[in-house]
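Note sheet for the following structure.
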Amino acid sequence: MHILMQLSPKSKSLNFELSDCSVGRDRKMSKLSEESNQLPTEPITAIGVVTSPSKVPDGYYVVAQTTDGADADLWKDGLFKSKVTRYLCFSKETKPEVVVDIKLIDSKDPLPDFFTAVPETIDTKEAAMRKRRLCVKMMPHEAAETAVYDIQITTKSKYQVVNYTCVGELNSMGIWCKMGDVARKLNQPAPVPLQSEAQINSPRRIMSSPLYEQMGGGIYTMTALDDVPFTVSEKFRGKIKEMQQVNLMGITIKSLAEIEEEFYYNFGTERSVAL
């Protein structure tokens with residue numbers, strides 16, 4: 001009984017400590033969940049790796065902590081502390097393509113079909129990971145049905161994130177991604193420009209661009225007047241004789257036969273010389 005009396009206070013103290021840790025972890029996970037909910041609702045369009053959270057490019061979000069508040073360094077191992085650090089980051093800026101899948105494979109494994117590896121860091125162009133490769137599958141936004149909307153990292157693989165899919169494990173940490181449906185943008189017809197009253201009442205000018213045809217060795221430009229027949233109107237055809245009787249300033253209108261008869265020339269002289 002004496003031993004139990006001595007152990008019971010320690011037991012209670014240990015229970016309180018475990019309870020406090022559990023509450024602290026829940027608070028940190030709740031905070032990360034709130035931060036995740038504050039992200040833009042658009043799908044992820046780019047994924048990268050940086051050497052430090054302070055070197056994240058503009059427009060990128062860095063996963064600097066795990067779901068329980070630990071350091072989310074992807075390079076560290078459990079035995080030795082290294083000066084080299086790597087952090088996962090992603091962007092949600094509007095781009096033609098979105099991320100539809102993520103895979104974490106061994107560095108010696110072949111690259112999956114339609115996937116692209118993330119081989120180096122964005123800021124220093126050094127190796128992104130060791131012994132593992134992060135692979136990303138992209139697809140045009142209009143063709144994608146589902147896409148990746150968020151990424152979280154857990155300290156241990158046994159911890160699960162609700163509504164997230166495990167991508168893989170790295171250095172005793174699990175990488176999780178949240179999938180979602182891609183919203184379709186309806187194609188709206190282009191608005192018809194409004195015309196002012198002056199434009200409506202003003203006569204329209206039709207501008208026709210010339211057509212070009214190959215004619216022999218050169219180019220002939222066709223205009224709007226080409227192939228348009230020019231004939232005398234029917235109402236003037238019966239008045240030809242009347243028009244011939246009109247004396248216009250001393251000019252007599254003659255027919256084709258009269259002109260040929262008056263100005264006929266047989267070119268006899270020219271033909272005799274040529275012979």
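Labels used: A, B, ... for chains in the order of the structure tokens, numbers from 1 for residues in each chain, and numbers from 1 for ligands as shown.
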Please list as a PDB file with N, CA and C atoms, in the first residue's frame every residue within 8 Å of A:Val99, counting only C-alpha atoms and excluding residues in the same chain fewer than 3 positions away.
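Once written, selection.pdb looks like this:
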ATOM      1  N   PRO A  43      -7.350  25.055 -57.311  1.00  0.00           N
ATOM      2  CA  PRO A  43      -6.453  23.900 -57.230  1.00  0.00           C
ATOM      3  C   PRO A  43      -4.990  24.313 -57.324  1.00  0.00           C
ATOM      4  N   ILE A  44      -4.115  23.423 -56.885  1.00  0.00           N
ATOM      5  CA  ILE A  44      -2.676  23.683 -56.925  1.00  0.00           C
ATOM      6  C   ILE A  44      -2.199  23.593 -58.373  1.00  0.00           C
ATOM      7  N   THR A  45      -1.380  24.565 -58.784  1.00  0.00           N
ATOM      8  CA  THR A  45      -0.892  24.620 -60.162  1.00  0.00           C
ATOM      9  C   THR A  45       0.610  24.388 -60.269  1.00  0.00           C
ATOM     10  N   ALA A  46       1.317  24.346 -59.142  1.00  0.00           N
ATOM     11  CA  ALA A  46       2.767  24.113 -59.184  1.00  0.00           C
ATOM     12  C   ALA A  46       3.228  23.618 -57.817  1.00  0.00           C
ATOM     13  N   ILE A 102       0.012  13.245 -57.249  1.00  0.00           N
ATOM     14  CA  ILE A 102       1.365  13.331 -56.691  1.00  0.00           C
ATOM     15  C   ILE A 102       1.800  11.932 -56.294  1.00  0.00           C
ATOM     16  N   VAL A 136       5.038  14.693 -60.041  1.00  0.00           N
ATOM     17  CA  VAL A 136       3.805  15.461 -60.173  1.00  0.00           C
ATOM     18  C   VAL A 136       3.195  15.194 -61.548  1.00  0.00           C
ATOM     19  N   LYS A 137       1.893  15.023 -61.583  1.00  0.00           N
ATOM     20  CA  LYS A 137       1.179  14.855 -62.840  1.00  0.00           C
ATOM     21  C   LYS A 137       0.342  16.093 -63.108  1.00  0.00           C
ATOM     22  N   MET A 138       0.554  16.702 -64.274  1.00  0.00           N
ATOM     23  CA  MET A 138      -0.154  17.911 -64.656  1.00  0.00           C
ATOM     24  C   MET A 138      -1.178  17.595 -65.746  1.00  0.00           C
ATOM     25  N   MET A 139      -2.196  18.455 -65.825  1.00  0.00           N
ATOM     26  CA  MET A 139      -3.227  18.301 -66.842  1.00  0.00           C
ATOM     27  C   MET A 139      -3.847  19.676 -67.105  1.00  0.00           C
ATOM     28  N   ALA A 147      -8.422  17.484 -58.958  1.00  0.00           N
ATOM     29  CA  ALA A 147      -7.087  18.067 -58.825  1.00  0.00           C
ATOM     30  C   ALA A 147      -6.706  18.111 -57.352  1.00  0.00           C
ATOM     31  N   VAL A 148      -5.423  18.410 -57.096  1.00  0.00           N
ATOM     32  CA  VAL A 148      -4.910  18.524 -55.729  1.00  0.00           C
ATOM     33  C   VAL A 148      -5.156  19.951 -55.239  1.00  0.00           C
TER      34      VAL A 148
END
Within 10 Å of A:Arg133 using only C-alpha atoms, minus same-chain residues under 2 positions, as a PyMOL selection string: chain A and resi 103-109+111+116-120+127-131+135-136+170
I need the residues from that last selection saved to file as a short mmCIF file (atom, residue, chain, number, x, y, z; two decimals), in the first residue's frame (with all heavy atoms), if you can.
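Here's the written file again-v2.cif:
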data_model
loop_
_atom_site.label_atom_id
_atom_site.label_comp_id
_atom_site.auth_asym_id
_atom_site.auth_seq_id
_atom_site.Cartn_x
_atom_site.Cartn_y
_atom_site.Cartn_z
N LYS A 103 3.06 11.60 -56.55
CA LYS A 103 3.63 10.31 -56.14
C LYS A 103 5.00 10.54 -55.54
O LYS A 103 5.75 11.42 -55.97
CB LYS A 103 3.73 9.35 -57.33
CG LYS A 103 2.39 8.81 -57.82
CD LYS A 103 2.58 7.79 -58.92
CE LYS A 103 1.25 7.26 -59.44
NZ LYS A 103 0.53 6.49 -58.40
N LEU A 104 5.34 9.71 -54.54
CA LEU A 104 6.66 9.73 -53.92
C LEU A 104 7.29 8.37 -54.16
O LEU A 104 6.82 7.36 -53.63
CB LEU A 104 6.55 10.02 -52.42
CG LEU A 104 7.85 10.33 -51.68
CD1 LEU A 104 8.51 11.59 -52.23
CD2 LEU A 104 7.60 10.48 -50.19
N ILE A 105 8.31 8.31 -54.99
CA ILE A 105 8.90 7.04 -55.39
C ILE A 105 10.37 6.98 -54.99
O ILE A 105 10.98 8.00 -54.64
CB ILE A 105 8.77 6.82 -56.91
CG1 ILE A 105 9.57 7.89 -57.67
CG2 ILE A 105 7.31 6.86 -57.33
CD1 ILE A 105 9.62 7.67 -59.18
N ASP A 106 10.95 5.78 -55.08
CA ASP A 106 12.37 5.61 -54.82
C ASP A 106 13.17 6.23 -55.95
O ASP A 106 12.73 6.26 -57.11
CB ASP A 106 12.69 4.12 -54.68
CG ASP A 106 14.12 3.88 -54.19
OD1 ASP A 106 14.35 3.95 -52.97
OD2 ASP A 106 15.00 3.67 -55.04
N SER A 107 14.35 6.73 -55.64
CA SER A 107 15.16 7.43 -56.63
C SER A 107 15.59 6.52 -57.78
O SER A 107 15.89 7.00 -58.88
CB SER A 107 16.41 8.01 -55.97
OG SER A 107 17.18 7.00 -55.35
N LYS A 108 15.59 5.19 -57.55
CA LYS A 108 15.99 4.24 -58.59
C LYS A 108 14.80 3.73 -59.40
O LYS A 108 15.00 3.07 -60.42
CB LYS A 108 16.73 3.07 -57.96
CG LYS A 108 18.03 3.47 -57.26
CD LYS A 108 18.72 2.25 -56.66
CE LYS A 108 20.01 2.65 -55.95
NZ LYS A 108 20.70 1.46 -55.35
N ASP A 109 13.59 4.02 -58.96
CA ASP A 109 12.41 3.55 -59.69
C ASP A 109 12.19 4.38 -60.95
O ASP A 109 12.51 5.57 -60.98
CB ASP A 109 11.17 3.64 -58.80
CG ASP A 109 11.22 2.64 -57.65
OD1 ASP A 109 12.01 1.67 -57.75
OD2 ASP A 109 10.49 2.83 -56.66
N LEU A 111 10.29 6.62 -63.73
CA LEU A 111 9.30 7.68 -63.58
C LEU A 111 7.95 7.18 -64.11
O LEU A 111 7.88 6.63 -65.21
CB LEU A 111 9.74 8.91 -64.36
CG LEU A 111 9.00 10.22 -64.11
CD1 LEU A 111 9.27 10.71 -62.69
CD2 LEU A 111 9.44 11.28 -65.11
N THR A 116 6.02 14.12 -63.92
CA THR A 116 7.25 14.90 -64.01
C THR A 116 7.89 14.98 -62.63
O THR A 116 7.21 15.28 -61.65
CB THR A 116 6.98 16.32 -64.53
OG1 THR A 116 6.31 16.25 -65.79
CG2 THR A 116 8.28 17.09 -64.70
N ALA A 117 9.19 14.70 -62.56
CA ALA A 117 9.89 14.73 -61.28
C ALA A 117 10.24 16.16 -60.87
O ALA A 117 10.37 17.05 -61.71
CB ALA A 117 11.15 13.88 -61.35
N VAL A 118 10.37 16.35 -59.56
CA VAL A 118 10.85 17.63 -59.00
C VAL A 118 12.29 17.38 -58.57
O VAL A 118 12.55 17.01 -57.44
CB VAL A 118 9.98 18.09 -57.82
CG1 VAL A 118 10.45 19.45 -57.31
CG2 VAL A 118 8.51 18.16 -58.22
N PRO A 119 13.26 17.55 -59.46
CA PRO A 119 14.63 17.12 -59.18
C PRO A 119 15.45 18.07 -58.32
O PRO A 119 16.39 17.64 -57.65
CB PRO A 119 15.24 16.99 -60.57
CG PRO A 119 14.52 18.02 -61.38
CD PRO A 119 13.13 18.10 -60.82
N GLU A 120 15.12 19.37 -58.33
CA GLU A 120 15.99 20.32 -57.66
C GLU A 120 15.17 21.40 -56.96
O GLU A 120 13.97 21.56 -57.20
CB GLU A 120 16.94 20.97 -58.66
CG GLU A 120 16.23 21.67 -59.80
CD GLU A 120 17.18 22.15 -60.89
OE1 GLU A 120 18.31 21.66 -60.97
OE2 GLU A 120 16.76 23.04 -61.65
N ALA A 127 19.86 19.38 -55.19
CA ALA A 127 19.01 18.19 -55.14
C ALA A 127 17.83 18.43 -54.20
O ALA A 127 18.01 18.88 -53.07
CB ALA A 127 19.82 16.98 -54.70
N ALA A 128 16.63 18.11 -54.67
CA ALA A 128 15.44 18.36 -53.86
C ALA A 128 15.32 17.38 -52.71
O ALA A 128 14.97 17.76 -51.59
CB ALA A 128 14.19 18.29 -54.73
N MET A 129 15.61 16.10 -52.96
CA MET A 129 15.49 15.06 -51.93
C MET A 129 16.62 14.05 -52.10
O MET A 129 17.30 14.03 -53.13
CB MET A 129 14.13 14.34 -52.03
CG MET A 129 12.93 15.23 -51.79
SD MET A 129 11.39 14.30 -51.93
CE MET A 129 10.19 15.60 -51.62
N ARG A 130 16.78 13.23 -51.11
CA ARG A 130 17.77 12.15 -51.20
C ARG A 130 17.05 10.80 -51.08
O ARG A 130 16.17 10.63 -50.24
CB ARG A 130 18.83 12.28 -50.11
CG ARG A 130 18.29 12.33 -48.71
CD ARG A 130 19.41 12.44 -47.72
NE ARG A 130 18.89 12.50 -46.35
CZ ARG A 130 19.67 12.58 -45.28
NH1 ARG A 130 20.98 12.63 -45.41
NH2 ARG A 130 19.14 12.63 -44.07
N LYS A 131 17.41 9.90 -51.94
CA LYS A 131 16.88 8.54 -51.97
C LYS A 131 15.41 8.46 -52.40
O LYS A 131 14.89 7.38 -52.59
CB LYS A 131 17.03 7.85 -50.61
CG LYS A 131 18.46 7.73 -50.13
CD LYS A 131 18.52 7.01 -48.80
CE LYS A 131 19.95 6.90 -48.30
NZ LYS A 131 20.02 6.20 -46.99
N CYS A 135 7.11 13.17 -57.60
CA CYS A 135 6.63 13.23 -58.97
C CYS A 135 5.26 13.88 -59.03
O CYS A 135 4.41 13.64 -58.16
CB CYS A 135 6.57 11.83 -59.59
SG CYS A 135 8.14 10.92 -59.49
N VAL A 136 5.04 14.69 -60.04
CA VAL A 136 3.80 15.46 -60.17
C VAL A 136 3.19 15.19 -61.55
O VAL A 136 3.91 15.16 -62.55
CB VAL A 136 4.07 16.97 -60.00
CG1 VAL A 136 2.80 17.77 -60.20
CG2 VAL A 136 4.67 17.25 -58.63
N LEU A 170 8.50 9.69 -45.97
CA LEU A 170 9.87 10.18 -46.15
C LEU A 170 10.43 10.61 -44.81
O LEU A 170 9.87 11.50 -44.15
CB LEU A 170 9.87 11.36 -47.14
CG LEU A 170 11.20 12.07 -47.38
CD1 LEU A 170 12.15 11.12 -48.12
CD2 LEU A 170 11.00 13.34 -48.21
#
Once you count only C-alpha atoms, what closest atom pair and distance in Å to one decimal does each residue of stretch 74-124 of chain A within 7 Å of stretch 49-63 of chain A have, with rows by chain and rising residue number, as CSV?
residue,atom,partner,partner_atom,distance
A:Thr85,CA,A:Thr51,CA,5.4
A:Arg86,CA,A:Thr51,CA,4.6
A:Tyr87,CA,A:Val50,CA,5.4
A:Leu88,CA,A:Val49,CA,4.7
A:Cys89,CA,A:Val62,CA,4.1
A:Phe90,CA,A:Tyr60,CA,5.3
A:Ser91,CA,A:Tyr60,CA,4.4
A:Glu93,CA,A:Gly59,CA,6.6
A:Thr121,CA,A:Val49,CA,4.9
A:Ile122,CA,A:Val50,CA,5.6
A:Asp123,CA,A:Val50,CA,6.0
Print the selection's residues with all heavy atoms to a file, as a short mmCIF file (atom, residue, chain, number, x, y, z; two decimals), in the first residue's frame.
data_model
loop_
_atom_site.label_atom_id
_atom_site.label_comp_id
_atom_site.auth_asym_id
_atom_site.auth_seq_id
_atom_site.Cartn_x
_atom_site.Cartn_y
_atom_site.Cartn_z
N THR A 85 18.53 21.55 -45.26
CA THR A 85 17.08 21.47 -45.02
C THR A 85 16.33 21.58 -46.35
O THR A 85 16.81 22.23 -47.29
CB THR A 85 16.60 22.58 -44.07
OG1 THR A 85 16.98 23.86 -44.62
CG2 THR A 85 17.21 22.42 -42.69
N ARG A 86 15.17 20.95 -46.40
CA ARG A 86 14.32 21.00 -47.57
C ARG A 86 12.86 21.13 -47.12
O ARG A 86 12.43 20.42 -46.20
CB ARG A 86 14.48 19.74 -48.44
CG ARG A 86 15.87 19.56 -49.01
CD ARG A 86 16.14 20.56 -50.12
NE ARG A 86 17.41 20.28 -50.78
CZ ARG A 86 18.57 20.81 -50.42
NH1 ARG A 86 18.63 21.64 -49.37
NH2 ARG A 86 19.68 20.51 -51.08
N TYR A 87 12.11 22.02 -47.78
CA TYR A 87 10.71 22.23 -47.42
C TYR A 87 9.86 22.22 -48.69
O TYR A 87 10.23 22.79 -49.71
CB TYR A 87 10.53 23.55 -46.67
CG TYR A 87 11.21 23.55 -45.31
CD1 TYR A 87 12.53 23.98 -45.17
CD2 TYR A 87 10.53 23.10 -44.18
CE1 TYR A 87 13.16 23.97 -43.93
CE2 TYR A 87 11.16 23.08 -42.93
CZ TYR A 87 12.47 23.51 -42.82
OH TYR A 87 13.09 23.49 -41.60
N LEU A 88 8.72 21.60 -48.56
CA LEU A 88 7.77 21.50 -49.67
C LEU A 88 6.97 22.80 -49.79
O LEU A 88 6.58 23.39 -48.78
CB LEU A 88 6.84 20.32 -49.45
CG LEU A 88 5.99 19.86 -50.64
CD1 LEU A 88 6.88 19.34 -51.75
CD2 LEU A 88 5.01 18.79 -50.19
N CYS A 89 6.73 23.23 -51.01
CA CYS A 89 5.92 24.44 -51.24
C CYS A 89 5.06 24.22 -52.48
O CYS A 89 5.34 23.36 -53.32
CB CYS A 89 6.80 25.69 -51.40
SG CYS A 89 7.94 25.63 -52.80
N PHE A 90 4.01 25.01 -52.58
CA PHE A 90 3.11 24.89 -53.72
C PHE A 90 2.48 26.24 -54.03
O PHE A 90 2.43 27.13 -53.18
CB PHE A 90 2.03 23.83 -53.48
CG PHE A 90 1.18 24.08 -52.25
CD1 PHE A 90 0.04 24.88 -52.33
CD2 PHE A 90 1.51 23.52 -51.03
CE1 PHE A 90 -0.74 25.11 -51.21
CE2 PHE A 90 0.74 23.75 -49.91
CZ PHE A 90 -0.40 24.54 -49.99
N SER A 91 1.99 26.36 -55.26
CA SER A 91 1.38 27.61 -55.72
C SER A 91 -0.04 27.33 -56.21
O SER A 91 -0.34 26.25 -56.72
CB SER A 91 2.21 28.23 -56.84
OG SER A 91 1.54 29.36 -57.40
N GLU A 93 -1.57 29.97 -58.06
CA GLU A 93 -1.79 31.02 -59.05
C GLU A 93 -2.44 30.43 -60.30
O GLU A 93 -2.17 29.29 -60.67
CB GLU A 93 -0.46 31.70 -59.41
CG GLU A 93 0.13 32.53 -58.28
CD GLU A 93 1.37 33.27 -58.72
OE1 GLU A 93 1.91 32.92 -59.78
OE2 GLU A 93 1.80 34.19 -58.00
N THR A 121 15.86 22.12 -56.06
CA THR A 121 15.19 23.19 -55.32
C THR A 121 14.97 24.40 -56.22
O THR A 121 15.73 24.63 -57.18
CB THR A 121 16.04 23.62 -54.11
OG1 THR A 121 17.34 24.03 -54.56
CG2 THR A 121 16.20 22.45 -53.15
N ILE A 122 13.94 25.17 -55.91
CA ILE A 122 13.62 26.35 -56.72
C ILE A 122 14.66 27.44 -56.52
O ILE A 122 15.04 28.13 -57.48
CB ILE A 122 12.22 26.87 -56.36
CG1 ILE A 122 11.16 25.80 -56.64
CG2 ILE A 122 11.89 28.14 -57.14
CD1 ILE A 122 9.76 26.21 -56.25
N ASP A 123 15.15 27.61 -55.30
CA ASP A 123 16.02 28.75 -54.99
C ASP A 123 17.49 28.52 -55.30
O ASP A 123 18.18 29.43 -55.75
CB ASP A 123 15.85 29.15 -53.51
CG ASP A 123 16.06 27.96 -52.58
OD1 ASP A 123 15.82 26.82 -53.01
OD2 ASP A 123 16.47 28.17 -51.42
#
Length of the atom CA of A:His141 to atom CA of A:Lys125 vector [Å]: 27.8 Å
All residues 12 Å or closer to A:Phe263, only C-alpha atoms, same chain fewer than 6 positions away omitted, as an NGL selection string: :A and (254 or 256-257)
Keeping only N, CA and C atoms, write the selected residues to a file as a PDB file, in the first residue's frame.
ATOM      1  N   LYS A 254     -22.471  57.688-135.091  1.00  0.00           N
ATOM      2  CA  LYS A 254     -22.491  56.719-136.171  1.00  0.00           C
ATOM      3  C   LYS A 254     -22.528  55.300-135.601  1.00  0.00           C
ATOM      4  N   LEU A 256     -21.607  51.122-135.905  1.00  0.00           N
ATOM      5  CA  LEU A 256     -20.359  50.399-136.149  1.00  0.00           C
ATOM      6  C   LEU A 256     -20.139  50.158-137.634  1.00  0.00           C
ATOM      7  N   ALA A 257     -21.224  49.857-138.373  1.00  0.00           N
ATOM      8  CA  ALA A 257     -21.082  49.619-139.817  1.00  0.00           C
ATOM      9  C   ALA A 257     -20.654  50.886-140.543  1.00  0.00           C
TER      10      ALA A 257
END
DSSP-assigned strand (DSSP E) among stretch 46-186 of chain A, expressed as a short mmCIF file (atom, residue, chain, number, x, y, z; two decimals) with N, CA and C atoms, in the first residue's frame:
data_model
loop_
_atom_site.label_atom_id
_atom_site.label_comp_id
_atom_site.auth_asym_id
_atom_site.auth_seq_id
_atom_site.Cartn_x
_atom_site.Cartn_y
_atom_site.Cartn_z
N ALA A 46 1.32 24.35 -59.14
CA ALA A 46 2.77 24.11 -59.18
C ALA A 46 3.23 23.62 -57.82
N ILE A 47 4.20 22.71 -57.81
CA ILE A 47 4.78 22.15 -56.58
C ILE A 47 6.29 22.23 -56.69
N GLY A 48 6.95 22.64 -55.62
CA GLY A 48 8.40 22.74 -55.61
C GLY A 48 8.98 22.47 -54.24
N VAL A 49 10.30 22.57 -54.18
CA VAL A 49 11.05 22.36 -52.93
C VAL A 49 12.02 23.52 -52.77
N VAL A 50 12.13 24.06 -51.54
CA VAL A 50 13.07 25.15 -51.25
C VAL A 50 13.97 24.73 -50.10
N TYR A 60 3.84 31.41 -53.60
CA TYR A 60 3.95 30.04 -53.11
C TYR A 60 3.63 29.97 -51.62
N TYR A 61 3.08 28.82 -51.19
CA TYR A 61 2.82 28.53 -49.78
C TYR A 61 3.75 27.40 -49.35
N VAL A 62 4.44 27.58 -48.23
CA VAL A 62 5.40 26.59 -47.77
C VAL A 62 4.79 25.74 -46.65
N VAL A 63 5.07 24.44 -46.69
CA VAL A 63 4.64 23.53 -45.61
C VAL A 63 5.81 23.45 -44.64
N TYR A 87 12.11 22.02 -47.78
CA TYR A 87 10.71 22.23 -47.42
C TYR A 87 9.86 22.22 -48.69
N LEU A 88 8.72 21.60 -48.56
CA LEU A 88 7.77 21.50 -49.67
C LEU A 88 6.97 22.80 -49.79
N CYS A 89 6.73 23.23 -51.01
CA CYS A 89 5.92 24.44 -51.24
C CYS A 89 5.06 24.22 -52.48
N PHE A 90 4.01 25.01 -52.58
CA PHE A 90 3.11 24.89 -53.72
C PHE A 90 2.48 26.24 -54.03
N SER A 91 1.99 26.36 -55.26
CA SER A 91 1.38 27.61 -55.72
C SER A 91 -0.04 27.33 -56.21
N GLU A 97 -2.46 24.82 -66.54
CA GLU A 97 -2.47 23.45 -66.06
C GLU A 97 -2.61 23.39 -64.54
N VAL A 98 -3.14 22.27 -64.04
CA VAL A 98 -3.30 22.04 -62.61
C VAL A 98 -2.67 20.71 -62.25
N VAL A 99 -2.33 20.54 -60.95
CA VAL A 99 -1.76 19.29 -60.46
C VAL A 99 -2.91 18.32 -60.16
N VAL A 100 -2.90 17.16 -60.82
CA VAL A 100 -3.98 16.19 -60.65
C VAL A 100 -3.55 14.97 -59.84
N ASP A 101 -2.23 14.80 -59.62
CA ASP A 101 -1.77 13.65 -58.83
C ASP A 101 -0.34 13.88 -58.38
N ILE A 102 0.01 13.25 -57.25
CA ILE A 102 1.36 13.33 -56.69
C ILE A 102 1.80 11.93 -56.29
N LYS A 103 3.06 11.60 -56.55
CA LYS A 103 3.63 10.31 -56.14
C LYS A 103 5.00 10.54 -55.54
N LEU A 104 5.34 9.71 -54.54
CA LEU A 104 6.66 9.73 -53.92
C LEU A 104 7.29 8.37 -54.16
N ILE A 105 8.31 8.31 -54.99
CA ILE A 105 8.90 7.04 -55.39
C ILE A 105 10.37 6.98 -54.99
N ASP A 106 10.95 5.78 -55.08
CA ASP A 106 12.37 5.61 -54.82
C ASP A 106 13.17 6.23 -55.95
N PHE A 115 4.05 11.59 -65.54
CA PHE A 115 4.49 12.30 -64.34
C PHE A 115 5.81 13.01 -64.63
N THR A 116 6.02 14.12 -63.92
CA THR A 116 7.25 14.90 -64.01
C THR A 116 7.89 14.98 -62.63
N ALA A 117 9.19 14.70 -62.56
CA ALA A 117 9.89 14.73 -61.28
C ALA A 117 10.24 16.16 -60.87
N ARG A 132 14.76 9.58 -52.54
CA ARG A 132 13.36 9.60 -52.95
C ARG A 132 13.16 10.67 -54.02
N ARG A 133 12.09 10.53 -54.81
CA ARG A 133 11.75 11.52 -55.83
C ARG A 133 10.27 11.86 -55.73
N LEU A 134 10.00 13.15 -55.75
CA LEU A 134 8.62 13.63 -55.76
C LEU A 134 8.20 13.84 -57.20
N CYS A 135 7.11 13.17 -57.60
CA CYS A 135 6.63 13.23 -58.97
C CYS A 135 5.26 13.88 -59.03
N VAL A 136 5.04 14.69 -60.04
CA VAL A 136 3.80 15.46 -60.17
C VAL A 136 3.19 15.19 -61.55
N LYS A 137 1.89 15.02 -61.58
CA LYS A 137 1.18 14.85 -62.84
C LYS A 137 0.34 16.09 -63.11
N MET A 138 0.55 16.70 -64.27
CA MET A 138 -0.15 17.91 -64.66
C MET A 138 -1.18 17.60 -65.75
N MET A 139 -2.20 18.45 -65.82
CA MET A 139 -3.23 18.30 -66.84
C MET A 139 -3.85 19.68 -67.10
N PRO A 140 -4.25 19.93 -68.34
CA PRO A 140 -4.93 21.21 -68.62
C PRO A 140 -6.15 21.40 -67.73
N THR A 146 -10.61 16.12 -61.50
CA THR A 146 -10.20 16.28 -60.10
C THR A 146 -8.78 16.83 -60.07
N ALA A 147 -8.42 17.48 -58.96
CA ALA A 147 -7.09 18.07 -58.82
C ALA A 147 -6.71 18.11 -57.35
N VAL A 148 -5.42 18.41 -57.10
CA VAL A 148 -4.91 18.52 -55.73
C VAL A 148 -5.16 19.95 -55.24
N TYR A 149 -5.75 20.06 -54.04
CA TYR A 149 -6.10 21.37 -53.50
C TYR A 149 -5.26 21.76 -52.28
N ASP A 150 -4.64 20.80 -51.60
CA ASP A 150 -3.86 21.12 -50.40
C ASP A 150 -2.88 19.99 -50.12
N ILE A 151 -1.79 20.31 -49.41
CA ILE A 151 -0.78 19.33 -49.02
C ILE A 151 -0.45 19.52 -47.55
N GLN A 152 -0.42 18.43 -46.79
CA GLN A 152 -0.06 18.44 -45.38
C GLN A 152 0.98 17.36 -45.11
N ILE A 153 1.77 17.56 -44.06
CA ILE A 153 2.81 16.59 -43.67
C ILE A 153 2.59 16.19 -42.22
N THR A 154 2.63 14.89 -41.95
CA THR A 154 2.48 14.38 -40.58
C THR A 154 3.83 13.87 -40.08
N THR A 165 -5.33 12.09 -48.78
CA THR A 165 -4.78 10.84 -49.28
C THR A 165 -3.28 10.83 -49.08
N CYS A 166 -2.77 9.70 -48.55
CA CYS A 166 -1.34 9.59 -48.29
C CYS A 166 -0.57 9.40 -49.60
N VAL A 167 0.40 10.27 -49.84
CA VAL A 167 1.22 10.19 -51.05
C VAL A 167 2.38 9.23 -50.86
N GLY A 168 2.99 9.27 -49.68
CA GLY A 168 4.14 8.42 -49.38
C GLY A 168 4.80 8.85 -48.09
N GLU A 169 5.84 8.08 -47.68
CA GLU A 169 6.56 8.36 -46.44
C GLU A 169 8.00 8.76 -46.77
N LEU A 170 8.50 9.69 -45.97
CA LEU A 170 9.87 10.18 -46.15
C LEU A 170 10.43 10.61 -44.81
N MET A 173 8.12 10.69 -41.91
CA MET A 173 7.04 11.65 -42.09
C MET A 173 6.16 11.21 -43.26
N GLY A 174 4.90 11.54 -43.17
CA GLY A 174 3.96 11.21 -44.24
C GLY A 174 3.51 12.46 -44.97
N ILE A 175 3.46 12.38 -46.30
CA ILE A 175 3.00 13.48 -47.13
C ILE A 175 1.58 13.16 -47.59
N TRP A 176 0.66 14.08 -47.33
CA TRP A 176 -0.75 13.88 -47.62
C TRP A 176 -1.25 14.99 -48.55
N CYS A 177 -2.15 14.63 -49.44
CA CYS A 177 -2.73 15.63 -50.34
C CYS A 177 -4.25 15.53 -50.31
N LYS A 178 -4.90 16.65 -50.54
CA LYS A 178 -6.36 16.73 -50.53
C LYS A 178 -6.85 16.90 -51.97
N MET A 179 -7.68 15.96 -52.41
CA MET A 179 -8.22 16.00 -53.76
C MET A 179 -9.60 16.67 -53.76
N GLY A 180 -9.97 17.21 -54.90
CA GLY A 180 -11.27 17.85 -55.03
C GLY A 180 -11.66 17.97 -56.48
N ASP A 181 -12.93 18.19 -56.72
CA ASP A 181 -13.44 18.35 -58.08
C ASP A 181 -13.04 19.71 -58.63
#
Atom CA of A:Ala64 to atom CA of A:Lys76, distance in Å rounded to a single decimal: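 Pair atom CA of A:Ala64 / atom CA of A:Lys76 returns 13.2 Å.
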